[in-house]
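Data from protein_7.tsv: TSV, C-alpha atoms and all ligand atoms
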```tsv
chain	number	residue	atom	x	y	z
S	1	MET	CA	3.30	-28.05	16.78
S	2	PHE	CA	1.59	-29.20	13.53
S	3	GLN	CA	-1.36	-30.49	15.56
S	4	LYS	CA	-4.01	-30.02	12.85
S	5	ILE	CA	-1.79	-31.68	10.26
S	6	LEU	CA	-0.87	-34.66	12.43
S	7	ARG	CA	-4.56	-35.19	13.23
S	8	ASN	CA	-5.48	-35.21	9.52
S	9	LEU	CA	-2.56	-37.51	8.68
S	10	ALA	CA	-4.26	-40.36	10.51
S	11	ASP	CA	-7.10	-40.31	7.90
S	12	VAL	CA	-4.92	-40.64	4.78
S	13	PRO	CA	-5.75	-43.86	2.90
S	14	SER	CA	-2.76	-46.16	2.43
S	15	GLY	CA	-0.94	-45.66	-0.85
S	16	ILE	CA	-1.93	-41.99	-1.06
S	17	ILE	CA	0.80	-39.42	-0.53
S	18	PRO	CA	0.10	-36.82	2.16
S	19	LEU	CA	0.88	-33.26	1.17
S	20	VAL	CA	1.11	-29.92	2.95
S	21	LEU	CA	0.65	-26.58	1.20
S	22	VAL	CA	2.91	-23.76	2.40
S	23	GLU	CA	2.24	-20.08	1.80
S	24	CYS	CA	5.12	-17.71	2.60
S	25	GLY	CA	4.71	-13.97	2.81
S	26	SER	CA	4.60	-10.84	4.90
S	27	PHE	CA	0.98	-11.14	6.10
S	28	SER	CA	0.97	-7.53	7.21
S	29	PRO	CA	-1.95	-8.07	7.72
S	30	PRO	CA	-3.31	-11.49	6.58
S	31	HIS	CA	-6.45	-11.23	4.41
S	32	PHE	CA	-9.01	-13.39	2.62
S	33	ALA	CA	-7.00	-13.83	-0.60
S	34	HIS	CA	-4.20	-15.50	1.42
S	35	LEU	CA	-6.67	-18.02	2.82
S	36	ARG	CA	-8.51	-18.48	-0.46
S	37	ASN	CA	-5.23	-19.34	-2.25
S	38	LEU	CA	-4.84	-22.34	0.02
S	39	GLU	CA	-8.43	-23.49	-0.59
S	40	VAL	CA	-8.00	-23.22	-4.35
S	41	ALA	CA	-4.65	-25.05	-4.29
S	42	ARG	CA	-6.09	-27.80	-2.11
S	43	LYS	CA	-8.83	-28.54	-4.62
S	44	VAL	CA	-6.29	-28.84	-7.44
S	45	ILE	CA	-3.95	-31.12	-5.48
S	46	ASP	CA	-6.67	-33.37	-4.07
S	47	GLU	CA	-7.61	-34.21	-7.67
S	48	GLN	CA	-4.06	-35.48	-8.33
S	49	HIS	CA	-3.86	-38.57	-6.11
S	50	PHE	CA	-2.38	-36.68	-3.19
S	51	CYS	CA	-4.18	-35.99	0.04
S	52	VAL	CA	-3.79	-32.48	1.42
S	53	VAL	CA	-3.41	-32.90	5.19
S	54	GLY	CA	-2.65	-29.27	5.94
S	55	GLY	CA	-1.89	-25.77	4.86
S	56	LEU	CA	0.73	-23.67	6.60
S	57	ILE	CA	1.12	-19.92	6.62
S	58	SER	CA	4.72	-18.91	7.26
S	59	PRO	CA	5.16	-15.21	8.02
S	60	VAL	CA	8.56	-13.79	7.10
S	61	GLY	CA	10.83	-12.61	9.93
S	62	SER	CA	11.35	-8.93	10.75
S	63	ALA	CA	14.88	-9.11	9.28
S	64	TYR	CA	13.18	-9.07	5.84
S	65	LYS	CA	12.90	-5.31	6.42
S	66	LYS	CA	10.03	-4.77	4.01
S	67	PRO	CA	8.47	-1.33	4.51
S	68	ASN	CA	5.22	-1.40	6.49
S	69	LEU	CA	5.92	-4.77	8.06
S	70	ALA	CA	4.05	-4.88	11.37
S	71	SER	CA	5.95	-6.39	14.28
S	72	THR	CA	6.57	-10.13	14.21
S	73	GLU	CA	4.46	-10.51	17.33
S	74	ASP	CA	1.47	-8.73	15.74
S	75	ARG	CA	1.74	-10.55	12.40
S	76	LEU	CA	1.96	-13.94	14.12
S	77	ALA	CA	-0.99	-13.09	16.35
S	78	MET	CA	-3.10	-11.98	13.35
S	79	CYS	CA	-2.19	-15.09	11.35
S	80	HIS	CA	-3.13	-17.36	14.24
S	81	LEU	CA	-6.49	-15.55	14.50
S	82	ALA	CA	-7.03	-15.83	10.73
S	83	VAL	CA	-6.71	-19.64	10.74
S	84	GLU	CA	-8.52	-20.26	14.02
S	85	SER	CA	-11.69	-21.59	12.38
S	86	SER	CA	-9.91	-23.90	9.93
S	87	ASP	CA	-9.42	-27.58	10.67
S	88	TRP	CA	-6.50	-27.83	8.24
S	89	ILE	CA	-4.78	-24.44	7.90
S	90	ASP	CA	-2.25	-23.52	10.58
S	91	VAL	CA	0.63	-21.09	11.17
S	92	ASP	CA	4.28	-22.08	11.34
S	93	ASP	CA	6.13	-19.62	13.60
S	94	TRP	CA	9.64	-20.87	12.79
S	95	GLU	CA	10.50	-18.49	9.92
S	96	ALA	CA	9.19	-15.44	11.80
S	97	SER	CA	11.24	-16.40	14.85
S	98	GLN	CA	14.60	-16.51	13.05
S	99	PRO	CA	16.99	-13.65	13.88
S	100	THR	CA	18.16	-13.38	10.26
S	101	TYR	CA	16.27	-13.49	6.95
S	102	THR	CA	15.63	-17.05	5.79
S	103	ARG	CA	15.36	-17.73	2.05
S	104	THR	CA	12.11	-19.45	1.08
S	105	ALA	CA	13.86	-22.67	-0.08
S	106	ASN	CA	15.37	-22.99	3.40
S	107	VAL	CA	12.01	-22.30	5.03
S	108	LEU	CA	10.50	-25.22	3.09
S	109	ASP	CA	13.45	-27.41	4.04
S	110	SER	CA	12.97	-26.63	7.71
S	111	ILE	CA	9.22	-27.30	7.59
S	112	SER	CA	9.75	-30.57	5.74
S	113	ASN	CA	12.31	-31.82	8.26
S	114	ARG	CA	10.36	-30.82	11.35
S	115	LEU	CA	7.05	-32.06	9.98
S	116	ASN	CA	8.33	-35.45	8.85
S	117	THR	CA	10.18	-35.96	12.14
S	118	ALA	CA	6.96	-35.22	14.03
S	119	ALA	CA	4.99	-37.61	11.79
S	120	GLN	CA	7.52	-40.41	12.25
S	121	ALA	CA	7.18	-40.14	16.01
S	122	LEU	CA	3.44	-40.62	15.69
S	123	VAL	CA	2.70	-42.99	12.83
S	124	PRO	CA	4.63	-46.23	12.27
S	125	LYS	CA	6.27	-46.13	8.81
S	126	PRO	CA	4.44	-43.04	7.54
S	127	GLU	CA	4.55	-41.99	3.88
S	128	ARG	CA	6.91	-39.02	3.58
S	129	ILE	CA	4.83	-35.82	3.63
S	130	GLN	CA	5.44	-33.71	0.52
S	131	LEU	CA	5.28	-29.92	0.46
S	132	ARG	CA	4.19	-27.46	-2.21
S	133	LEU	CA	4.77	-23.72	-2.14
S	134	VAL	CA	1.53	-21.83	-2.85
S	135	CYS	CA	1.84	-18.30	-4.18
S	136	GLY	CA	0.21	-15.57	-6.18
S	137	ALA	CA	1.47	-14.77	-9.67
S	138	ASP	CA	3.34	-11.67	-8.47
S	139	LEU	CA	5.73	-13.93	-6.57
S	140	LEU	CA	6.44	-15.94	-9.73
S	141	GLU	CA	7.00	-12.70	-11.61
S	142	SER	CA	9.44	-11.48	-8.95
S	143	MET	CA	11.63	-14.50	-9.67
S	144	THR	CA	12.27	-13.19	-13.18
S	145	ARG	CA	13.54	-9.87	-11.78
S	146	PRO	CA	17.32	-9.87	-11.36
S	147	GLY	CA	18.61	-9.70	-7.80
S	148	VAL	CA	15.35	-10.48	-5.98
S	149	TRP	CA	15.79	-14.24	-5.57
S	150	ASP	CA	18.97	-16.16	-4.91
S	151	LEU	CA	19.13	-18.12	-8.18
S	152	SER	CA	21.42	-20.75	-6.66
S	153	LEU	CA	18.51	-21.76	-4.39
S	154	LEU	CA	15.81	-21.93	-7.09
S	155	ALA	CA	16.46	-25.60	-7.92
S	156	LYS	CA	16.06	-26.48	-4.25
S	157	LEU	CA	12.89	-24.39	-4.02
S	158	PHE	CA	11.33	-25.97	-7.12
S	159	SER	CA	12.23	-29.48	-5.95
S	160	PHE	CA	9.26	-29.01	-3.59
S	161	GLY	CA	7.01	-27.83	-6.40
S	162	MET	CA	4.94	-24.67	-6.68
S	163	ILE	CA	1.28	-23.89	-7.21
S	164	CYS	CA	0.81	-20.42	-8.63
S	165	ILE	CA	-2.56	-18.67	-8.56
S	166	ASN	CA	-3.58	-15.82	-10.91
S	167	ARG	CA	-3.10	-12.38	-9.54
S	168	ASP	CA	-4.01	-9.14	-11.26
S	169	ALA	CA	-2.87	-9.12	-14.87
S	170	VAL	CA	0.35	-11.13	-14.54
S	171	ASN	CA	0.92	-13.19	-17.69
S	172	THR	CA	1.88	-16.46	-16.01
S	173	GLN	CA	2.45	-18.29	-19.32
S	174	ALA	CA	5.04	-15.70	-20.29
S	175	MET	CA	6.62	-15.96	-16.83
S	176	VAL	CA	7.17	-19.72	-17.01
S	177	ALA	CA	8.70	-19.29	-20.46
S	178	HIS	CA	11.28	-16.86	-19.02
S	179	GLU	CA	14.86	-18.14	-19.13
S	180	ILE	CA	15.12	-18.21	-15.31
S	181	LEU	CA	11.92	-20.21	-14.84
S	182	ALA	CA	11.79	-22.37	-17.98
S	183	PRO	CA	14.20	-25.02	-16.57
S	184	HIS	CA	11.78	-25.49	-13.67
S	185	ARG	CA	8.58	-25.47	-15.75
S	186	GLU	CA	7.52	-29.01	-14.87
S	187	HIS	CA	7.55	-28.12	-11.16
S	188	ILE	CA	5.26	-25.11	-11.55
S	189	GLN	CA	1.54	-25.66	-11.61
S	190	LEU	CA	-0.43	-22.69	-12.89
S	191	VAL	CA	-3.94	-22.37	-11.52
S	192	PRO	CA	-6.17	-20.30	-13.75
S	193	GLU	CA	-8.61	-19.20	-11.03
S	194	GLU	CA	-11.64	-17.54	-12.61
S	195	PHE	CA	-12.19	-15.43	-9.55
S	196	SER	CA	-9.35	-12.99	-9.05
S	197	TRP	CA	-9.13	-10.75	-5.99
S	198	HIS	CA	-7.88	-7.24	-6.34
S	199	LEU	CA	-6.96	-7.43	-2.68
S	200	SER	CA	-3.63	-6.99	-0.92
S	201	SER	CA	-2.23	-6.15	2.48
S	202	SER	CA	-1.09	-2.83	0.96
S	203	PHE	CA	-4.69	-2.02	0.04
S	204	ILE	CA	-5.84	-2.75	3.58
S	205	ARG	CA	-3.05	-0.59	5.02
S	206	GLN	CA	-3.93	2.18	2.56
S	207	GLU	CA	-7.62	2.08	3.52
S	208	LEU	CA	-6.81	2.15	7.23
S	209	HIS	CA	-4.43	5.02	6.73
S	210	ALA	CA	-7.18	6.94	4.94
S	211	GLY	CA	-9.62	6.16	7.77
S	212	ARG	CA	-11.84	3.98	5.54
S	213	SER	CA	-13.53	0.68	6.42
S	214	ILE	CA	-11.73	-2.63	5.88
S	215	LYS	CA	-14.75	-4.74	6.82
S	216	TYR	CA	-15.10	-7.96	4.76
S	217	LEU	CA	-11.46	-7.92	3.58
S	218	ALA	CA	-10.11	-10.16	6.37
S	219	PRO	CA	-11.59	-12.32	9.15
S	220	ASP	CA	-13.39	-10.30	11.84
S	221	SER	CA	-10.96	-11.52	14.51
S	222	VAL	CA	-8.07	-9.98	12.51
S	223	LEU	CA	-9.98	-6.72	12.05
S	224	GLN	CA	-10.69	-6.58	15.76
S	225	TYR	CA	-6.99	-7.13	16.57
S	226	ILE	CA	-6.01	-4.32	14.18
S	227	ALA	CA	-8.57	-1.98	15.71
S	228	GLU	CA	-7.62	-2.75	19.32
S	229	ARG	CA	-3.93	-2.09	18.68
S	230	ARG	CA	-4.50	0.73	16.23
S	231	LEU	CA	-2.21	-0.96	13.69
S	232	PHE	CA	-1.50	0.70	10.32
S	233	ALA	CA	-3.33	3.87	11.39
S	301	LIG	N1	-5.08	-11.01	-4.17
S	301	LIG	C1	-4.23	-12.03	-4.22
S	301	LIG	N2	-4.37	-12.99	-5.16
S	301	LIG	C2	-3.50	-14.01	-5.24
S	301	LIG	N3	-2.45	-14.18	-4.41
S	301	LIG	C3	-2.27	-13.26	-3.44
S	301	LIG	C4	-3.15	-12.15	-3.29
S	301	LIG	N4	-2.71	-11.41	-2.23
S	301	LIG	C5	-1.61	-12.02	-1.76
S	301	LIG	N5	-1.33	-13.13	-2.48
S	301	LIG	C6	-0.20	-14.06	-2.32
S	301	LIG	O1	-0.05	-14.36	-0.94
S	301	LIG	C7	1.34	-14.60	-0.66
S	301	LIG	C8	1.78	-13.75	0.51
S	301	LIG	O2	1.77	-12.39	0.08
S	301	LIG	P1	2.00	-11.11	0.97
S	301	LIG	O3	1.93	-11.44	2.41
S	301	LIG	O4	3.19	-10.42	0.46
S	301	LIG	O5	0.61	-10.34	0.62
S	301	LIG	P2	0.33	-9.04	-0.21
S	301	LIG	O6	-1.13	-8.80	-0.07
S	301	LIG	O7	0.89	-9.14	-1.59
S	301	LIG	O8	1.16	-7.97	0.64
S	301	LIG	P3	1.65	-6.50	0.29
S	301	LIG	O9	0.49	-5.76	-0.31
S	301	LIG	O10	2.07	-5.98	1.64
S	301	LIG	O11	2.82	-6.62	-0.68
S	301	LIG	C9	2.11	-14.30	-1.96
S	301	LIG	O12	2.35	-15.51	-2.64
S	301	LIG	C10	1.12	-13.44	-2.74
S	301	LIG	O13	1.30	-13.55	-4.13
S	302	LIG	N1	15.14	-15.45	-2.39
S	302	LIG	C1	14.08	-15.65	-1.72
S	302	LIG	O1	14.00	-16.65	-1.08
S	302	LIG	C2	12.95	-14.64	-1.75
S	302	LIG	C3	13.03	-13.47	-2.48
S	302	LIG	C4	11.92	-12.60	-2.47
S	302	LIG	C5	10.79	-12.92	-1.74
S	302	LIG	N2	10.77	-14.07	-1.06
S	302	LIG	C6	9.61	-14.43	-0.22
S	302	LIG	O2	8.42	-14.13	-0.87
S	302	LIG	C7	7.43	-13.81	0.10
S	302	LIG	C8	6.68	-12.56	-0.31
S	302	LIG	O3	7.57	-11.50	-0.36
S	302	LIG	P1	7.05	-10.02	-0.73
S	302	LIG	O4	6.06	-9.67	0.35
S	302	LIG	O5	8.29	-9.16	-0.70
S	302	LIG	O6	6.41	-10.13	-2.08
S	302	LIG	C9	8.16	-13.70	1.45
S	302	LIG	O7	7.90	-14.88	2.15
S	302	LIG	C10	9.62	-13.64	1.07
S	302	LIG	O8	10.47	-14.27	2.02
S	302	LIG	C11	11.80	-14.92	-1.04
```
Can you turn what I pasted into structure tokens?
Amino acid sequence: MFQKILRNLADVPSGIIPLVLVECGSFSPPHFAHLRNLEVARKVIDEQHFCVVGGLISPVGSAYKKPNLASTEDRLAMCHLAVESSDWIDVDDWEASQPTYTRTANVLDSISNRLNTAAQALVPKPERIQLRLVCGADLLESMTRPGVWDLSLLAKLFSFGMICINRDAVNTQAMVAHEILAPHREHIQLVPEEFSWHLSSSFIRQELHAGRSIKYLAPDSVLQYIAERRLFA
């Protein structure tokens, strides 16, 4: 567990805080924008006197009951394939393995506890590893919609900090000014990525359903897995 991260932790210069980026989502299927978000966030954080030692993808459990969610087994397998070639991005299976839906704040809590316990067993007196939630702007927007997020958990969620990347035409400045998000403004870092993908898992599912090619939208290993199991046909 956390092997890539623990390996990278050994290279963190003393006095620099190690940090892990966490991306939560359905990943049904994972695609290049998911991976690119972590790359973009890493660049931003590395310029801020932190050292990014890892990125974790945490697929939501099947109890989330989102329409078109592939099985937990298939989503985990595809996510593991998607990060295979990375020396810093990994998959955390814990959230997907829970029998009931786990709120994102509690997912981050679990990762933080398990990760720091693992680091303590390895490194004498390690710096505490910080986490940041990485998301697209649609996730930020969903927080302003009543009933989607458990507002009592938002303070806990934002105590970890969030890096939010442009997506489609979401007005992120307006979002952070919203009465639900404004109290947490200082914990939300907006990343104005010039390059914006009009790419989503829904689009991939739609193209597959229509019998069209999804080549170059996700890593080849993921595409091969989808084809072999005839997912989303
Ligand atoms: N094109 C994109 N640009 C920026 N962020 C993205 C993009 N696609 C997904 N994300 C982000 O990745 C995270 C995980 O999203 P999720 O797994 O729900 O993907 P999705 O492509 O939005 O899926 P779906 O189309 O099934 O709703 C979220 O924070 C989401 O905002
Ligand atoms: N209250 C919450 O913790 C909450 C609410 C909505 C979505 N989410 C998370 O956001 C991620 C993306 O969800 P969607 O695919 O529904 O946009 C998932 O990981 C989901 O668990 C969390």
Taking all atoms of ligand LIG 302 (chain S) that the file lists and extending 3 Å past them on each side, where is the centre of the axis-aligned box and how long are its edges? Answer in Å to one decimal, as lines of an AutoDock Vina configuration file.
```
center_x = 10.6
center_y = -12.9
center_z = -0.2
size_x = 15.1
size_y = 13.5
size_z = 10.6
```
Open item on the list: Can you work out which residues are within 7 Å of ligand LIG 301 (chain S), considering only C-alpha atoms and all ligand atoms, and then hand them over as a VMD selection string?
Closed with: chain S and resid 23 to 28 30 33 to 34 37 134 to 139 165 to 167 196 to 203
Do a neighbour search on Leu81 (chain S) at 9 Å with all atoms listed in the file, toss out local chain neighbours closer than 2 positions, and write the hits as a list of chain:residue names.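 Close residues of Leu81 (chain S): S:Leu76, S:Ala77, S:Met78, S:Cys79, S:Val83, S:Glu84, S:Ser85, S:Pro219, S:Ser221, S:Val222, S:Tyr225.
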Protein and nucleic residues near ligand LIG 302 (chain S), 9 Å, only C-alpha atoms and all ligand atoms, as a PyMOL selection string: chain S and resi 23-28+58-61+64+66+95+101-107+135+138-139+142-143+147-151+153-154+157
- Task: Rank S:Arg145, S:Glu194, S:Glu39, S:Arg205 by their smallest atom-to-atom distance to Ile180 (chain S), using all atoms listed in the file, and report the top residue only.
- Result: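 The shortest atom-to-atom distance to Ile180 (chain S) comes from S:Arg145.
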key: Point-to-point distance from CA of Thr72 (chain S) to CA of Pro99 (chain S), Å rounded to tenths   =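 Separating CA of Thr72 (chain S) from CA of Pro99 (chain S) is a distance of 11.0 Å.
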_Just want the 12 Å neighbourhood of Ala182 (chain S), counted on all atoms listed in the file, with same-chain residues fewer than 5 positions away dropped. Output as a PyMOL selection string._
chain S and resi 140+143-144+154-155+158+172-177+187-188
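You can rank S:Asp220, S:Glu193, S:Asp11, S:Glu186 by their closest distance to Val44 (chain S) using all atoms listed in the file, and at the top of that list sits S:Glu193.
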Between CA of Val22 (chain S) and CA of Glu141 (chain S), what is the distance, to one decimal in Å?
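Pair CA of Val22 (chain S) / CA of Glu141 (chain S) returns 18.3 Å.
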* Straight-line distance linking CA of His31 (chain S) with CA of Gln224 (chain S), stated in Å to one decimal ->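 Interatomic distance, CA of His31 (chain S) to CA of Gln224 (chain S): 13.0 Å.
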Worksheet entry | Surrounding residues of region 49-52 of chain S excluding itself and chain neighbours under 5 positions, 6 Å, only C-alpha atoms, as a VMD selection string | chain S and resid 16 to 20
* S:Arg212, S:Lys4, S:Lys43, S:His184: which is nearest Ser159 (chain S), counting only C-alpha atoms? ->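 Closest residue, counting only C-alpha atoms: S:His184.
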